Protein chains: 2
Amino acid sequence: MAESTLRRAPLSRDRVLHAAVSLTDVIGIESLSMRKLAQDLGVVPMALYKHVANKDELVGGMVDVVVAEIDPPEHGTAWKPAVRQRVLSARRTMLRHPWVSRAIETRQAPTPAVLAYLDSVIGMFRAGGFSADLTHHVMHAMGSRVLGFTQELFTSPEPVDPAVHAAAARELAAAYPNVAEMALAAAHEDASIVGSGCDDQFEFEFALELLLDGFERLHERRWTSAARAR
Amino acid sequence: MAESTLRRAPLSRDRVLHAAVSLTDVIGIESLSMRKLAQDLGVVPMALYKHVANKDELVGGMVDVVVAEIDPPEHGTAWKPAVRQRVLSARRTMLRHPWVSRAIETRQAPTPAVLAYLDSVIGMFRAGGFSADLTHHVMHAMGSRVLGFTQELFTSPEPVDPAVHAAAARELAAAYPNVAEMALAAAHEDASIVGSGCDDQFEFEFALELLLDGFERLHERRWTSAARAR
DNA sequence: ACAATAGGTGTACGGCGTACACCTGGTCAA
DNA sequence: TTGACCAGGTGTACGCCGTACACCTATTGT
């Protein structure tokens with residue numbers, strides 16, 4: 001019957017996209033290849049091209065799948081908690097799929113879902129009474145943070161042998177005393193964080209609140225870019 | 001004599017690195033390959049491997065070459081103008097070599113020159129009386145802006161036919177009204193900017209000053225992360 | 001009953017990073 | 001002077017990549 005005819009679920013754009021997201025969650029975006037994805041789906045590589053135009057379009061579709069996971073906006077809240085909630089939800093999504101930030105940055109054009117998300121955040125500021133002008137600059141100031149990520153200037157995924165670590169730290173301290181001091185202060189501050197020595201979530205929220213407070217002050221003062229320097 | 005013996009200047013790590021930077025300024029980082037670089041230098045691909053360990057190390061060396069172009073710190077200035085000057089100099093450097101920001105983000109470990117630069121900026125905050133604690137969070141808040149760039153969520157390099165543009169704009173406005181309104185406001189605000197409709201330099205400085213002002217306020221209030229939420 | 005078509009297959013091409021064996025010309029100790 | 005050494009450029013080859021193109025096959029609408 002049905003069982004014998006479909007020895008394997010038929011491909012579809014949706015199945016391809018979701019399989020790609022799951023696979024990339026495991027192997028990382030730089031290791032994703034059409035061949036590996038095809039193998040994962042038990043299919044020959046060229047079969048994928050019946051459902052996505054090419055690899056770039058595949059990645060775009062993957063981004064949209066993930067961005068759609070971001071919680072919808074809350075209605076009836078003031079702009080500040082509304083933006084905060086949305087951005088922190090976006091961040092949670094990005095943490096589930098760490099490759100997405102790089103995928104978004106790499107693509108030259110924003111995908112429809114990203115545009116829709118940005119549109120909704122812009123709408124929050126406008127609904128809060130921000131002028132289109134101020135909203136524009138504010139969105140630029142948020143940068144990628146509006147999507148829940150900051151680019152990490154360095155990522156140290158693998159934990160290292162403590163002895164090696166100590167030696168490296170001593171060397172670092174000699175060459176870069178200010179970096180070392182700061183790292184030490186961060187480590188003291190929160191001994192529970194063993195890895196990079198700092199709490200990424202706290203840093204993200206620190207910057208987010210700093211920006212939101214700054215926006216609030218500008219908005220209260222009816223700031224405008226009309227009298228800009230240059 | 002000398003002329004006949006050296007029909008071609010001998011390779012060296014430095015020559016390879018500088019040739020790679022120039023070539024990448026032209027063709028872009030995603031088009032850079034060991035083969036093209038070798039051809040550019042009139043040499044066989046494998047010859048490069050006598051001077052750089054592999055492509056990753058090559059890119060690291062290129063980053064360091066560019067980061068070394070950033071102006072040295074000014075001495076005897078207050079922290080705020082000192083940081084501002086340094087960051088804007090970094091930005092000018094990044095604008096000369098637009099591929100560097102992506103190269104820095106892509107690499108997993110910071111290169112020595114980047115670390116040295118960060119060390120010097122950290123030193124500016126410390127010299128300005130910032131606690132190691134506050135300095136740490138402040139550096140995180142700056143993110144990649146400290147290196148003179150913000151990741152562009154979308155880059156539209158090639159100018160398009162006005163008629164096509166108008167049609168696309170109308171379509172955009174229908175689907176994403178808030179994005180469209182903001183874009184329109186930005187365009188009105190500065191008619192001299194024809195391209196993306198906004199002045200990247202202004203946006204960069206807007207966010208930079210917003211952050212620096214925020215840092216100043218926290219510093220004045222002796223802010224500390226000791227009483228943090230979690 | 002049959003043509004059309006959607007969707008999976010197989011082969012092949014050009015490009016990539018780079019391992020490995022090789023060669024060549026200059027340097028330096030004996 | 002000679003011969004070993006070796007820094008540095010060469011040639012070939014391997015396995016990976018994205019994807020063009022021709023092909024086959026099962027379903028479907030007429």
# chains A, B, ... in the order shown; residues from 1 in each chain; ligands from 1
call {"tool": "select_by_dssp", "arguments": {"residues": "stretch 8-131 of chain A", "states": "alpha helix (DSSP H)", "output": "ChimeraX atom specification"}}
result
/A:13-27,34-40,55-67,79-96,100-106,112-127
call {"tool": "residues_around", "arguments": {"residues": "stretch 2-10 of chain C", "least_positions_apart": "2", "cutoff": "9 Å", "atoms": "only C-alpha atoms (C1' of nucleotides)", "output": "list of chain:residue names"}}
result
A:Leu11, A:Val43, A:Val44, A:Met46, A:Ala47, A:Lys50, D:DC23, D:DC24, D:DT25, D:DT27, D:DT28, D:DG29
call {"tool": "interface_residues", "arguments": {"of": "chain C", "to": "chain B", "cutoff": "9 Å", "atoms": "only C-alpha atoms (C1' of nucleotides)", "output": "PyMOL selection string"}}
result
chain C and resi 16-18
call {"tool": "closest_atom_pairs", "arguments": {"of": "chain D", "to": "chain B", "cutoff": "8 Å", "atoms": "only C-alpha atoms (C1' of nucleotides)", "output": "Markdown table"}}
result
| residue | atom | partner | partner_atom | distance |
| --- | --- | --- | --- | --- |
| D:DG8 | C1' | B:Lys50 | CA | 6.8 |
| D:DG9 | C1' | B:Ala47 | CA | 5.7 |
| D:DT10 | C1' | B:Val44 | CA | 7.0 |
call {"tool": "write_last_selection", "arguments": {"atoms": "C-alpha atoms (C1' of nucleotides)", "output": "CSV table (one decimal), in the first residue's frame"}}
result
chain,number,residue,atom,x,y,z
D,8,DG,C1',63.0,28.2,-2.3
D,9,DG,C1',60.5,27.4,-6.7
D,10,DT,C1',58.1,23.4,-9.6
call {"tool": "interface_residues", "arguments": {"of": "chain B", "to": "chain A", "cutoff": "8 Å", "atoms": "only C-alpha atoms", "output": "number ranges by chain"}}
result
B: 104-105, 107-110, 115-116, 118-120, 122-123, 132-133, 135-138, 140-144, 150-156, 176-179, 181-183, 185-186, 189, 203-204, 206-207, 210-211, 214, 226
call {"tool": "atom_distance", "arguments": {"atom1": "atom CA of A:His165", "atom2": "atom CA of A:Ile27"}}
result
26.4 Å
call {"tool": "residues_around", "arguments": {"residues": "D:DG3", "least_positions_apart": "3", "cutoff": "12 Å", "atoms": "only C-alpha atoms (C1' of nucleotides)", "output": "JSON, numbers by chain"}}
result
{"C": [27, 28, 29, 30]}
call {"tool": "decode", "arguments": {"residues": "stretch 19-168 of chain B", "atoms": "C-alpha atoms", "output": "short mmCIF file (atom, residue, chain, number, x, y, z; two decimals), in the first residue's frame"}}
result
data_model
loop_
_atom_site.label_atom_id
_atom_site.label_comp_id
_atom_site.auth_asym_id
_atom_site.auth_seq_id
_atom_site.Cartn_x
_atom_site.Cartn_y
_atom_site.Cartn_z
CA ALA B 19 50.45 41.48 -2.91
CA ALA B 20 47.54 39.63 -1.33
CA VAL B 21 46.21 42.83 0.25
CA SER B 22 46.38 44.74 -3.05
CA LEU B 23 44.83 41.89 -4.99
CA THR B 24 42.02 41.49 -2.47
CA ASP B 25 41.30 45.22 -2.54
CA VAL B 26 40.47 44.65 -6.22
CA ILE B 27 38.82 41.23 -6.42
CA GLY B 28 37.32 40.87 -2.93
CA ILE B 29 38.02 38.37 -0.19
CA GLU B 30 35.60 35.73 -1.45
CA SER B 31 37.41 35.64 -4.80
CA LEU B 32 40.89 35.46 -3.33
CA SER B 33 42.53 32.10 -3.99
CA MET B 34 46.05 30.81 -3.59
CA ARG B 35 46.13 30.15 -7.32
CA LYS B 36 45.15 33.69 -8.31
CA LEU B 37 47.59 35.21 -5.84
CA ALA B 38 50.36 33.01 -7.22
CA GLN B 39 49.52 34.03 -10.77
CA ASP B 40 49.54 37.67 -9.69
CA LEU B 41 53.07 37.17 -8.37
CA GLY B 42 54.15 35.25 -11.49
CA VAL B 43 54.78 32.11 -9.55
CA VAL B 44 53.40 28.62 -9.19
CA PRO B 45 50.72 28.16 -6.45
CA MET B 46 52.78 25.90 -4.24
CA ALA B 47 55.59 28.46 -4.08
CA LEU B 48 53.44 30.49 -1.67
CA TYR B 49 53.55 27.71 0.88
CA LYS B 50 57.25 28.38 1.43
CA HIS B 51 56.22 31.73 2.94
CA VAL B 52 52.81 31.16 4.55
CA ALA B 53 51.62 28.00 6.27
CA ASN B 54 48.21 27.90 4.61
CA LYS B 55 45.44 30.16 3.42
CA ASP B 56 44.15 30.85 6.91
CA GLU B 57 47.53 32.04 8.05
CA LEU B 58 47.80 34.13 4.89
CA VAL B 59 44.56 35.92 5.70
CA GLY B 60 45.75 36.45 9.26
CA GLY B 61 48.90 38.07 7.95
CA MET B 62 46.86 40.27 5.61
CA VAL B 63 44.71 41.43 8.53
CA ASP B 64 47.80 42.36 10.49
CA VAL B 65 49.23 44.29 7.56
CA VAL B 66 46.06 46.37 7.38
CA VAL B 67 45.58 46.81 11.14
CA ALA B 68 49.12 48.17 11.31
CA GLU B 69 47.91 51.03 9.08
CA ILE B 70 45.69 52.40 11.87
CA ASP B 71 47.08 55.66 13.26
CA PRO B 72 48.96 55.35 16.55
CA PRO B 73 47.25 56.71 19.66
CA GLU B 74 47.57 60.38 20.53
CA HIS B 75 49.13 60.96 23.91
CA GLY B 76 48.03 63.53 26.40
CA THR B 77 44.38 63.64 25.36
CA ALA B 78 41.35 62.83 27.48
CA TRP B 79 39.95 59.34 27.04
CA LYS B 80 36.97 60.40 24.98
CA PRO B 81 38.73 62.27 22.17
CA ALA B 82 41.52 59.68 22.30
CA VAL B 83 39.14 56.78 21.77
CA ARG B 84 37.16 58.70 19.17
CA GLN B 85 40.25 59.55 17.15
CA ARG B 86 41.56 56.00 17.26
CA VAL B 87 38.24 54.42 16.31
CA LEU B 88 37.66 56.84 13.45
CA SER B 89 41.17 56.15 12.19
CA ALA B 90 40.41 52.43 12.33
CA ARG B 91 37.26 53.13 10.37
CA ARG B 92 39.15 54.99 7.67
CA THR B 93 41.48 52.03 7.38
CA MET B 94 38.59 49.59 7.10
CA LEU B 95 36.98 51.71 4.39
CA ARG B 96 40.21 51.50 2.38
CA HIS B 97 40.10 47.70 2.66
CA PRO B 98 36.43 46.73 2.90
CA TRP B 99 37.19 43.01 3.04
CA VAL B 100 39.09 43.23 6.33
CA SER B 101 36.04 43.37 8.57
CA ARG B 102 34.75 40.10 7.15
CA ALA B 103 38.22 38.58 7.41
CA ILE B 104 38.47 39.52 11.10
CA GLU B 105 34.99 38.15 11.83
CA THR B 106 35.66 34.93 9.98
CA ARG B 107 38.89 34.02 11.76
CA GLN B 108 38.46 32.19 15.05
CA ALA B 109 41.40 33.75 16.89
CA PRO B 110 42.44 37.40 16.95
CA THR B 111 45.71 38.18 15.23
CA PRO B 112 48.58 39.77 17.20
CA ALA B 113 48.07 43.22 15.65
CA VAL B 114 44.36 43.16 16.49
CA LEU B 115 45.14 42.16 20.06
CA ALA B 116 47.70 44.97 20.29
CA TYR B 117 45.15 47.44 18.99
CA LEU B 118 42.52 46.27 21.48
CA ASP B 119 45.09 46.43 24.25
CA SER B 120 45.82 50.04 23.42
CA VAL B 121 42.14 51.03 23.38
CA ILE B 122 41.55 49.26 26.69
CA GLY B 123 44.54 51.22 28.01
CA MET B 124 42.82 54.48 27.01
CA PHE B 125 39.77 53.73 29.12
CA ARG B 126 41.92 52.62 32.05
CA ALA B 127 44.02 55.78 31.78
CA GLY B 128 40.78 57.75 31.82
CA GLY B 129 40.00 56.30 35.21
CA PHE B 130 37.57 53.56 34.13
CA SER B 131 37.60 50.50 36.38
CA ALA B 132 38.75 47.26 34.79
CA ASP B 133 35.20 46.03 35.33
CA LEU B 134 33.51 48.89 33.50
CA THR B 135 36.15 48.85 30.78
CA HIS B 136 35.37 45.22 30.11
CA HIS B 137 31.67 45.81 29.57
CA VAL B 138 32.36 48.95 27.61
CA MET B 139 34.60 47.09 25.19
CA HIS B 140 31.88 44.50 24.69
CA ALA B 141 29.32 47.23 24.11
CA MET B 142 31.49 48.75 21.40
CA GLY B 143 31.74 45.35 19.73
CA SER B 144 33.25 45.54 16.29
CA ARG B 145 32.71 49.29 16.27
CA VAL B 146 35.92 49.60 18.22
CA LEU B 147 37.63 48.32 15.08
CA GLY B 148 35.86 50.85 12.91
CA PHE B 149 33.11 48.79 11.40
CA THR B 150 29.56 47.72 11.88
CA GLN B 151 28.37 44.74 9.95
CA GLU B 152 26.08 45.87 7.22
CA LEU B 153 22.90 43.83 7.29
CA PHE B 154 22.62 44.33 3.58
CA THR B 155 24.99 45.78 1.04
CA SER B 156 23.74 47.05 -2.30
CA PRO B 157 26.89 47.77 -4.27
CA GLU B 158 25.63 48.06 -7.81
CA PRO B 159 23.42 51.03 -8.72
CA VAL B 160 20.24 50.07 -10.51
CA ASP B 161 18.17 51.49 -13.31
CA PRO B 162 15.88 54.23 -11.84
CA ALA B 163 12.75 52.71 -13.40
CA VAL B 164 13.52 49.31 -11.91
CA HIS B 165 14.36 51.03 -8.65
CA ALA B 166 11.04 52.84 -8.54
CA ALA B 167 9.12 49.64 -9.22
CA ALA B 168 11.07 47.79 -6.53
#
